[in-house]
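First up is the structure itself, then whatever we jot down about it.
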Amino acid sequence: MRVMKYAAALAVGVMVSLSPALAQSPIVIKFSHVVAPDTPKGKGATKFAELAGQYTAGKVKVEVYPNSQLYKDKEELEALQLGAVQMLAPSLAKFGPLGVKEFEVFDLPFIFPSKDALNKVTKGEVGKSLLSKLEAKGITGLAYWDNGFKIMSANSALKTPDDFLGLKLRIQSSKVLEAQMKALGAVPQVMAFSEVYQALQTGVVDGTENPPSNMYTQKMHEVQKHATVSNHGYLGYAVIVNKKFWDELPADARAGLDKAMAEATDYANQIAQKENDDALAAMKAAGKTTFIELDAAQKAAWMKALKPVHDEMAARVGKDLIEQIYKATGAN
Ligand code: LMR
């Protein structure tokens, strides 16, 4: 009897010291995100969930919660650190407020001339060393997932930097994005992604920036009269997990999940450009927004207004890091 009690107490002891998500069978991974299922990130998450079930023979179940169903931008990172969810894929900008300001380097306007240039950074040493900075926050970075280059939208036409004067534009919580909007003469407004549609609809803000896939799936084109295909900045993600949870996974489950993540990453990165191209085409076809393409002189004027943000933000994100990115991309 006493032995049984001891064994039961031991079992309880083991259970409490493990992450609660590991004490279940199957092991449940809650994967929370803020965008629609029908986006590069949403589809990547769904693919990962499918493959994870398959490669762990049902030992792990990944539950995907899209559209800020569980948490909004900032809260989802806190929830991950507390272990209330196990996996997220926040945009890189969102690591700044967590105290890993270096990630805001990805927000610098016109820092990546192309997706190839971006891939050289995320797939190389710089990408790896940035992910490792998350460990101190109790977070393990698993992969970079692509979305795309951003377009700028408003209810007035945005052709030259002068057109931005005094406009209230929603941004993610990033000092670099704040500096970017100020450099254009606009007034940046930090707001959670889930609140943007309504803010645009009610005129709380005049406009915003996002890749076409996000703009389309949130129906922002229905409440924005103009959008400029400026490709002035990049938006992508880091897939992250609660470090303690990840480290404590049984080895066989971990192996299956690593395989599933590698394949889901290839998939998400392969579909991202087409998802954005299709979203842009769909918004053009919907006819609610007028799309503006910048001519060479207009593009040059945007670049002239925005490039100083690199120097202005060097002290925040790291001058060396910016130099490393210039070197890796062969640009600037
Ligand atoms: C945003 O807040 O605009 C984006 O980070 C949303 C996302 O996750 O793509």
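Lettering and numbering for the structure tokens are positional, with chains as A, B, ... in the shown order, residues counted from 1 in each chain, and ligands counted from 1 in the shown order.
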Could you list, as number ranges by chain, all residues that come within 7 Å of ligand 1? Count only C-alpha atoms and all ligand atoms. A: 33-35, 73, 90-91, 171-172, 192-193, 210, 214
Residues near segment 62-69 of chain A, anyone? I mean within 9 Å using only C-alpha atoms, not counting same-chain ones fewer than 4 positions away, as a ChimeraX atom specification. /A:27-37,42,45-46,48-50,52-53,73,76,193-194
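Neighbouring residues of Ser25 of chain A at 9 Å or closer, counting only C-alpha atoms and skipping chain neighbours under 4 positions away, are Ala21, Lys59, Val60 and Lys61 of chain A.
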Same residues, C-alpha atoms, output as an mmCIF file, in the first residue's frame:
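Writing done, so here's part26.cif:
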```
data_model
loop_
_atom_site.group_PDB
_atom_site.id
_atom_site.type_symbol
_atom_site.label_atom_id
_atom_site.label_comp_id
_atom_site.auth_asym_id
_atom_site.auth_seq_id
_atom_site.Cartn_x
_atom_site.Cartn_y
_atom_site.Cartn_z
ATOM 1 C CA ALA A 21 1.345 19.449 -22.781
ATOM 2 C CA LYS A 59 2.004 10.361 -30.939
ATOM 3 C CA VAL A 60 1.810 14.133 -31.419
ATOM 4 C CA LYS A 61 -1.299 16.079 -32.341
#
```
Hey, what does DSSP flag as strand (DSSP E or B) within segment 29-86 of chain A? Can you give it to me as a PyMOL selection string? chain A and resi 29-32+60-65
Please identify every residue of segment 151-264 of chain A that has at least one atom no farther than 7 Å from an atom of segment 284-299 of chain A, counting only C-alpha atoms, and for each give the shortest atom pair and the distance in Å to one decimal, arranged by chain then increasing number, as a tab-separated table.
```
residue	atom	partner	partner_atom	distance
A:Lys159	CA	A:Gln298	CA	6.6
A:Thr160	CA	A:Gln298	CA	6.0
A:His221	CA	A:Thr289	CA	5.9
A:Glu222	CA	A:Lys288	CA	5.9
A:Gln224	CA	A:Thr289	CA	6.1
A:Lys225	CA	A:Thr289	CA	4.6
A:His226	CA	A:Thr290	CA	4.8
A:Ala227	CA	A:Phe291	CA	5.0
A:Thr228	CA	A:Ile292	CA	4.6
A:Val229	CA	A:Glu293	CA	5.5
A:Ser230	CA	A:Leu294	CA	6.7
```
